[in-house]
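Working notes for the structure below.
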Amino acid sequence: MGEIIVEAYDQVPTDASLSGATIVNCAGTPDGDVATLTRANCEVPLAWARRAAEEGAARFVQISSFSVFGAAHAVGSDAPTQPTGDYGRSKLAAEERLRECGLGDRLTILRVPILIGGGTDKLAQLVRLTCRTGVIPAAPWPTPRSMLSYDGLAATIAGLIAAGRGGTFAAADPLPYTPAMMRDAAQALALRARIVTVPSFVLALLRRAAPGLHASLFEPNLLAEKDNAAVAYLPFERTDEVVTRLLRQAGQVGGL
């Protein structure tokens with residue numbers, strides 16, 4: 001088919017045949033008002049999925065998010081979907097409406113956590129903070145967080161497609177991020193870094209002022225091993241490898 005340029009992602013080209021095609025929807029945004037989130041995260045996949053169903057596409061893969069679970073610390077098939085923000089609600093609405101498009105077992109929904117390795121994600125921001133200050137902020141309680149590299153995302157998508165697996169799945173690196181992972185990786189590179197525990201009263205203020213940041217850095221979020229689809233598609237770039245790569249890059253830029 002080649003490259004197709006569209007004015008808007010929800011405008012499916014009329015001259016594009018989707019018969020027998022595999023469509024992977026990675027379009028979306030976590031930012032914006034309700035209308036923006038609804039259009040980007042719900043209306044775009046619905047437009048393509050409806051055409052896919054009408055024209056007999058082989059498979060439609062929707063990239064969803066752990067945000068559909070809200071503030072849950074343990075994520076998996078047993079966790080209820082209770083999004084707490086507009087982004088999570090828009091992703092869950094997309095899932096529900098996609099299941100009504102008539103794709104049946106040709107629909108694959110893949111829920112993922114923070115995606116890492118691109119250089120602009122929250123982990124990359126934390127790495128840059130550590131390289132500037134020598135500090136790794138941590139909560140007074142354990143905070144293992146599931147993450148997935150873009151390499152892992154690609155491997156999982158390709159594996160699910162090759163196996164013809166329809167349904168709803170979740171994927172993450174089996175090795176979660178922890179502050180100790182950052183410290184050990186920094187020390188292995190001879191970079192100055194130490195874990196600093198943030199007082200509980202400061203975290204309480206942060207939770208009220210910036211709940212998203214608080215959840216990303218100071219709350220656990222862990223995918224159950226039994227529900228992790230990514231395990232079947234190893235090897236791919238692991239979380240600790242991404243941390244090491246980002247630390248090396250940030251350390252070189254900062255001259256540490």
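Convention: chains lettered A, B, ... in structure tokens order; per-chain residue numbering from 1; ligands numbered from 1 as shown.
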Could you list, as a ChimeraX atom specification, every residue within 9 Å of Pro30 (chain A), counting only C-alpha atoms and ignoring same-chain residues fewer than 6 positions away? /A:37,41,86-88
Within 9 Å of Val196 (chain A) using only C-alpha atoms, minus same-chain residues under 3 positions, as a PyMOL selection string: chain A and resi 135-139
May I have the residues from that selection written out with N, CA, C and O atoms, as a PDB file, in the first residue's frame?
```pdb
ATOM      1  N   VAL A 135      20.385  12.492  42.446  1.00  0.00           N
ATOM      2  CA  VAL A 135      19.333  12.035  43.349  1.00  0.00           C
ATOM      3  C   VAL A 135      18.332  11.158  42.598  1.00  0.00           C
ATOM      4  O   VAL A 135      17.908  11.487  41.492  1.00  0.00           O
ATOM      5  N   ILE A 136      17.959  10.047  43.220  1.00  0.00           N
ATOM      6  CA  ILE A 136      16.880   9.188  42.722  1.00  0.00           C
ATOM      7  C   ILE A 136      15.751   9.264  43.742  1.00  0.00           C
ATOM      8  O   ILE A 136      15.846   8.679  44.830  1.00  0.00           O
ATOM      9  N   PRO A 137      14.688  10.008  43.466  1.00  0.00           N
ATOM     10  CA  PRO A 137      13.612  10.146  44.453  1.00  0.00           C
ATOM     11  C   PRO A 137      12.856   8.826  44.619  1.00  0.00           C
ATOM     12  O   PRO A 137      12.612   8.107  43.646  1.00  0.00           O
ATOM     13  N   ALA A 138      12.493   8.521  45.858  1.00  0.00           N
ATOM     14  CA  ALA A 138      11.791   7.275  46.145  1.00  0.00           C
ATOM     15  C   ALA A 138      10.785   7.494  47.262  1.00  0.00           C
ATOM     16  O   ALA A 138      10.947   8.379  48.107  1.00  0.00           O
ATOM     17  N   ALA A 139       9.747   6.686  47.249  1.00  0.00           N
ATOM     18  CA  ALA A 139       8.745   6.718  48.316  1.00  0.00           C
ATOM     19  C   ALA A 139       9.244   5.923  49.513  1.00  0.00           C
ATOM     20  O   ALA A 139      10.177   5.127  49.398  1.00  0.00           O
TER      21      ALA A 139
END
```
Separation of CA of Pro142 (chain A) from CA of Pro199 (chain A), in Å and rounded to one decimal: 13.8 Å
Please compute the CA of Gly85 (chain A)-CA of Pro179 (chain A) distance, one decimal, in Å.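 If I compute the distance from CA of Gly85 (chain A) to CA of Pro179 (chain A), I get 25.9 Å.
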CA of Arg59 (chain A) to CA of Gly104 (chain A), straight-line distance in Å: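 Straight-line distance from CA of Gly104 (chain A) to CA of Arg59 (chain A) works out to 9.7 Å.
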Could you give me, as a tab-separated table, every region 161-204 of chain A residue with an atom at most 8 Å from region 108-118 of chain A, plus its closest atom pair and distance in Å to one decimal, counting only C-alpha atoms, rows ordered by chain then number?
```
residue	atom	partner	partner_atom	distance
A:Arg165	CA	A:Thr108	CA	6.9
A:Gly166	CA	A:Thr108	CA	4.6
A:Gly167	CA	A:Thr108	CA	5.0
A:Thr168	CA	A:Ile109	CA	4.6
A:Phe169	CA	A:Leu110	CA	4.9
A:Ala170	CA	A:Arg111	CA	4.5
A:Ala171	CA	A:Val112	CA	5.5
A:Ala172	CA	A:Val112	CA	6.4
```
For those residues, write N, CA and C atoms to a file as a tab-separated table (two decimals), in the first residue's frame.
```tsv
chain	number	residue	atom	x	y	z
A	165	ARG	N	-3.88	-14.21	17.55
A	165	ARG	CA	-4.54	-14.18	18.86
A	165	ARG	C	-5.48	-12.98	18.99
A	166	GLY	N	-6.76	-13.27	19.10
A	166	GLY	CA	-7.74	-12.23	19.35
A	166	GLY	C	-8.11	-12.19	20.82
A	167	GLY	N	-8.62	-11.05	21.28
A	167	GLY	CA	-9.01	-10.90	22.67
A	167	GLY	C	-8.31	-9.72	23.30
A	168	THR	N	-8.36	-9.65	24.62
A	168	THR	CA	-7.76	-8.55	25.38
A	168	THR	C	-6.57	-9.06	26.17
A	169	PHE	N	-5.42	-8.41	25.98
A	169	PHE	CA	-4.18	-8.84	26.61
A	169	PHE	C	-3.52	-7.66	27.33
A	170	ALA	N	-2.58	-7.98	28.19
A	170	ALA	CA	-1.74	-6.98	28.84
A	170	ALA	C	-0.29	-7.41	28.69
A	171	ALA	N	0.60	-6.44	28.56
A	171	ALA	CA	2.01	-6.76	28.33
A	171	ALA	C	2.90	-5.78	29.08
A	172	ALA	N	3.97	-6.30	29.66
A	172	ALA	CA	4.97	-5.48	30.33
A	172	ALA	C	6.25	-6.30	30.44
```
Ranking A:His73, A:Arg248, A:Arg97, A:Lys91 by minimum distance to Leu46 (chain A) and counting only C-alpha atoms, which one comes first?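 Closest to Leu46 (chain A) of all the choices is A:Arg97.
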Selected residue of minimal separation from Thr84 (chain A) among A:Gly70, A:Pro45, A:Pro13, A:Gly119, counting only C-alpha atoms: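 Nearest candidate to Thr84 (chain A) out of A:Gly70, A:Pro45, A:Pro13, A:Gly119: A:Gly70.
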Neighbour list for Phe218 (chain A) as a compact mmCIF listing (two decimals) with N, CA and C atoms, in the first residue's frame, cut-off 10 Å, only C-alpha atoms, skip fewer than 3 positions in-chain:
```txt
# COMPACT_ATOMS: atom_id res chain seq x y z
N PRO A 137 14.69 10.01 43.47
CA PRO A 137 13.61 10.15 44.45
C PRO A 137 12.86 8.83 44.62
N ALA A 138 12.49 8.52 45.86
CA ALA A 138 11.79 7.27 46.15
C ALA A 138 10.79 7.49 47.26
N ALA A 139 9.75 6.69 47.25
CA ALA A 139 8.74 6.72 48.32
C ALA A 139 9.24 5.92 49.51
N PRO A 140 8.62 6.11 50.68
CA PRO A 140 9.02 5.33 51.86
C PRO A 140 8.55 3.87 51.79
N TRP A 141 7.87 3.50 50.72
CA TRP A 141 7.34 2.14 50.55
C TRP A 141 7.82 1.59 49.20
N PRO A 142 7.78 0.27 49.02
CA PRO A 142 8.22 -0.31 47.74
C PRO A 142 7.33 0.17 46.59
N THR A 143 7.95 0.50 45.47
CA THR A 143 7.19 1.02 44.33
C THR A 143 7.62 0.35 43.01
N PRO A 144 7.57 -0.96 42.92
CA PRO A 144 7.87 -1.58 41.62
C PRO A 144 6.84 -1.17 40.59
N ARG A 145 7.31 -0.79 39.39
CA ARG A 145 6.39 -0.34 38.34
C ARG A 145 6.66 -1.09 37.05
N VAL A 198 11.56 10.48 49.85
CA VAL A 198 10.77 11.70 49.97
C VAL A 198 9.81 11.54 51.15
N LEU A 203 4.87 13.90 49.82
CA LEU A 203 4.16 13.09 48.84
C LEU A 203 2.66 13.36 48.88
N LEU A 206 2.16 16.45 46.93
CA LEU A 206 2.34 16.17 45.51
C LEU A 206 1.14 15.44 44.94
N ARG A 207 0.58 14.53 45.72
CA ARG A 207 -0.58 13.77 45.24
C ARG A 207 -1.76 14.68 44.93
N GLY A 212 -0.95 12.66 38.67
CA GLY A 212 -0.34 11.81 37.65
C GLY A 212 1.13 11.55 37.92
N LEU A 213 1.85 12.62 38.28
CA LEU A 213 3.27 12.49 38.60
C LEU A 213 3.47 11.64 39.84
N HIS A 214 2.62 11.85 40.83
CA HIS A 214 2.71 11.06 42.06
C HIS A 214 2.52 9.58 41.76
N ALA A 215 1.51 9.26 40.96
CA ALA A 215 1.25 7.85 40.63
C ALA A 215 2.40 7.24 39.85
N ASN A 221 2.78 -0.27 40.56
CA ASN A 221 1.85 -0.62 39.48
C ASN A 221 2.45 -1.83 38.77
```
Close residues, Ser90 (chain A) itself excluded, 9 Å, only C-alpha atoms, min 6 positions apart in chain, as a ChimeraX atom specification: /A:34,37-42,68
Set the distance at 8 Å and use only C-alpha atoms: which residues neighbour Phe236 (chain A) once local chain neighbours fewer than 5 positions away are removed? I'd like the list as a list in words.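 In the requested format, the answer is Ser149, Asp151, Gly152 and Ala155 of chain A.
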Using only C-alpha atoms: which of A:Asp173, A:Leu222, A:Gly102, A:Ala232 has the shortest distance to Ala158 (chain A):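 The closest residue to Ala158 (chain A) is A:Ala232.
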Using only C-alpha atoms, which residue out of A:Thr81, A:Thr178, A:Ser216, A:Gln62 lies closest to Gln125 (chain A)?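 For Gln125 (chain A), the nearest of the candidates is A:Ser216.
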List the neighbours of Ser17 (chain A) out to 12 Å using only C-alpha atoms; skip same-chain residues closer than 5 positions along the sequence, and give me the result as a ChimeraX atom specification. /A:1-2,4,12,22-23,48,51-58
Residue set, region 49-214 of chain A restricted to helix (DSSP H, G or I), as an NGL selection string: :A and (49-55 or 66-69 or 86-98 or 104-106 or 122-133 or 150-163 or 179-188 or 200-209 or 211-214)
From the set A:Arg208, A:Pro83, A:Gln11, A:Ala94, which residue has the shortest atom-to-atom contact distance to Gly28 (chain A), counting only C-alpha atoms?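 Smallest distance to Gly28 (chain A) is found for A:Ala94.
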Pick the closest to Gly159 (chain A) from A:Cys131, A:Ala124, A:Val61, A:Ala186: which is it, counting only C-alpha atoms?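 Closest to Gly159 (chain A), using only C-alpha atoms: A:Val61.
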Leaving out Leu103 (chain A) and any residue of its chain fewer than 3 positions from it, which residues lie within 8 Å of it when counting only C-alpha atoms, given as an MDAnalysis selection string? chainID A and resid 49 52:53 60 99:100 106:107
Strand (DSSP E or B) call set, DSSP backbone run, region 51-236 of chain A, as a compact mmCIF listing (two decimals) with N, CA and C atoms, in the first residue's frame:
```
# COMPACT_ATOMS: atom_id res chain seq x y z
N ARG A 59 -6.98 -8.53 10.71
CA ARG A 59 -6.86 -8.27 12.15
C ARG A 59 -6.80 -6.77 12.41
N PHE A 60 -7.37 -6.36 13.53
CA PHE A 60 -7.26 -4.99 14.01
C PHE A 60 -6.68 -5.04 15.41
N VAL A 61 -5.54 -4.38 15.61
CA VAL A 61 -4.87 -4.35 16.91
C VAL A 61 -4.99 -2.94 17.49
N GLN A 62 -5.57 -2.86 18.67
CA GLN A 62 -5.72 -1.59 19.36
C GLN A 62 -4.75 -1.54 20.54
N ILE A 63 -3.89 -0.51 20.57
CA ILE A 63 -3.00 -0.33 21.70
C ILE A 63 -3.74 0.47 22.77
N SER A 64 -4.01 -0.19 23.88
CA SER A 64 -4.70 0.45 24.99
C SER A 64 -3.69 0.70 26.12
N SER A 65 -4.18 0.91 27.32
CA SER A 65 -3.30 1.41 28.39
C SER A 65 -3.70 0.84 29.74
N ALA A 74 -2.10 -3.52 41.62
CA ALA A 74 -1.94 -4.83 40.98
C ALA A 74 -2.82 -4.87 39.74
N VAL A 75 -2.21 -5.14 38.60
CA VAL A 75 -2.90 -5.09 37.31
C VAL A 75 -2.95 -6.50 36.72
N LEU A 107 -10.26 -8.97 16.49
CA LEU A 107 -9.91 -7.80 17.29
C LEU A 107 -8.94 -8.20 18.39
N THR A 108 -7.82 -7.52 18.47
CA THR A 108 -6.83 -7.72 19.52
C THR A 108 -6.62 -6.41 20.25
N ILE A 109 -6.87 -6.40 21.54
CA ILE A 109 -6.66 -5.21 22.38
C ILE A 109 -5.46 -5.49 23.28
N LEU A 110 -4.47 -4.62 23.23
CA LEU A 110 -3.25 -4.81 24.01
C LEU A 110 -3.07 -3.64 24.97
N ARG A 111 -3.19 -3.92 26.25
CA ARG A 111 -3.01 -2.90 27.29
C ARG A 111 -1.55 -2.87 27.72
N VAL A 112 -0.99 -1.66 27.74
CA VAL A 112 0.43 -1.53 28.07
C VAL A 112 0.64 -0.45 29.13
N ILE A 114 3.67 2.33 31.03
CA ILE A 114 4.55 3.37 30.50
C ILE A 114 5.48 2.73 29.47
N LEU A 115 5.52 3.33 28.29
CA LEU A 115 6.42 2.86 27.24
C LEU A 115 7.72 3.64 27.35
N ILE A 116 8.84 2.92 27.28
CA ILE A 116 10.13 3.55 27.56
C ILE A 116 11.12 3.27 26.44
N VAL A 135 20.38 12.49 42.45
CA VAL A 135 19.33 12.03 43.35
C VAL A 135 18.33 11.16 42.60
N ILE A 136 17.96 10.05 43.22
CA ILE A 136 16.88 9.19 42.72
C ILE A 136 15.75 9.26 43.74
N PRO A 137 14.69 10.01 43.47
CA PRO A 137 13.61 10.15 44.45
C PRO A 137 12.86 8.83 44.62
N ALA A 138 12.49 8.52 45.86
CA ALA A 138 11.79 7.27 46.15
C ALA A 138 10.79 7.49 47.26
N ARG A 145 7.31 -0.79 39.39
CA ARG A 145 6.39 -0.34 38.34
C ARG A 145 6.66 -1.09 37.05
N MET A 147 6.87 -1.55 33.26
CA MET A 147 7.15 -0.71 32.10
C MET A 147 7.38 -1.63 30.90
N LEU A 148 7.43 -1.07 29.72
CA LEU A 148 7.67 -1.87 28.52
C LEU A 148 8.43 -1.03 27.52
N SER A 149 9.53 -1.57 27.02
CA SER A 149 10.29 -0.84 26.00
C SER A 149 9.53 -0.87 24.67
N GLY A 167 -8.62 -11.05 21.28
CA GLY A 167 -9.01 -10.90 22.67
C GLY A 167 -8.31 -9.72 23.30
N THR A 168 -8.36 -9.65 24.62
CA THR A 168 -7.76 -8.55 25.38
C THR A 168 -6.57 -9.06 26.17
N PHE A 169 -5.42 -8.41 25.98
CA PHE A 169 -4.18 -8.84 26.61
C PHE A 169 -3.52 -7.66 27.33
N ALA A 170 -2.58 -7.98 28.19
CA ALA A 170 -1.74 -6.98 28.84
C ALA A 170 -0.29 -7.41 28.69
N TYR A 177 10.54 -1.69 37.01
CA TYR A 177 11.47 -0.62 37.43
C TYR A 177 11.36 -0.43 38.93
N ARG A 194 22.26 8.55 44.28
CA ARG A 194 21.83 7.91 45.52
C ARG A 194 20.33 8.04 45.66
N ILE A 195 19.74 7.07 46.33
CA ILE A 195 18.30 7.08 46.56
C ILE A 195 17.98 7.99 47.73
N VAL A 196 17.05 8.90 47.52
CA VAL A 196 16.60 9.82 48.57
C VAL A 196 15.11 9.59 48.80
N THR A 197 14.77 9.21 50.02
CA THR A 197 13.37 8.96 50.35
C THR A 197 12.64 10.28 50.58
N ASN A 221 2.78 -0.27 40.56
CA ASN A 221 1.85 -0.62 39.48
C ASN A 221 2.45 -1.83 38.77
N LEU A 222 1.93 -3.01 39.08
CA LEU A 222 2.61 -4.23 38.69
C LEU A 222 1.65 -5.20 38.01
N LEU A 223 2.04 -5.65 36.82
CA LEU A 223 1.24 -6.62 36.08
C LEU A 223 1.50 -8.03 36.60
N ASN A 228 0.78 -11.78 31.76
CA ASN A 228 1.73 -10.99 30.98
C ASN A 228 1.99 -11.64 29.62
```
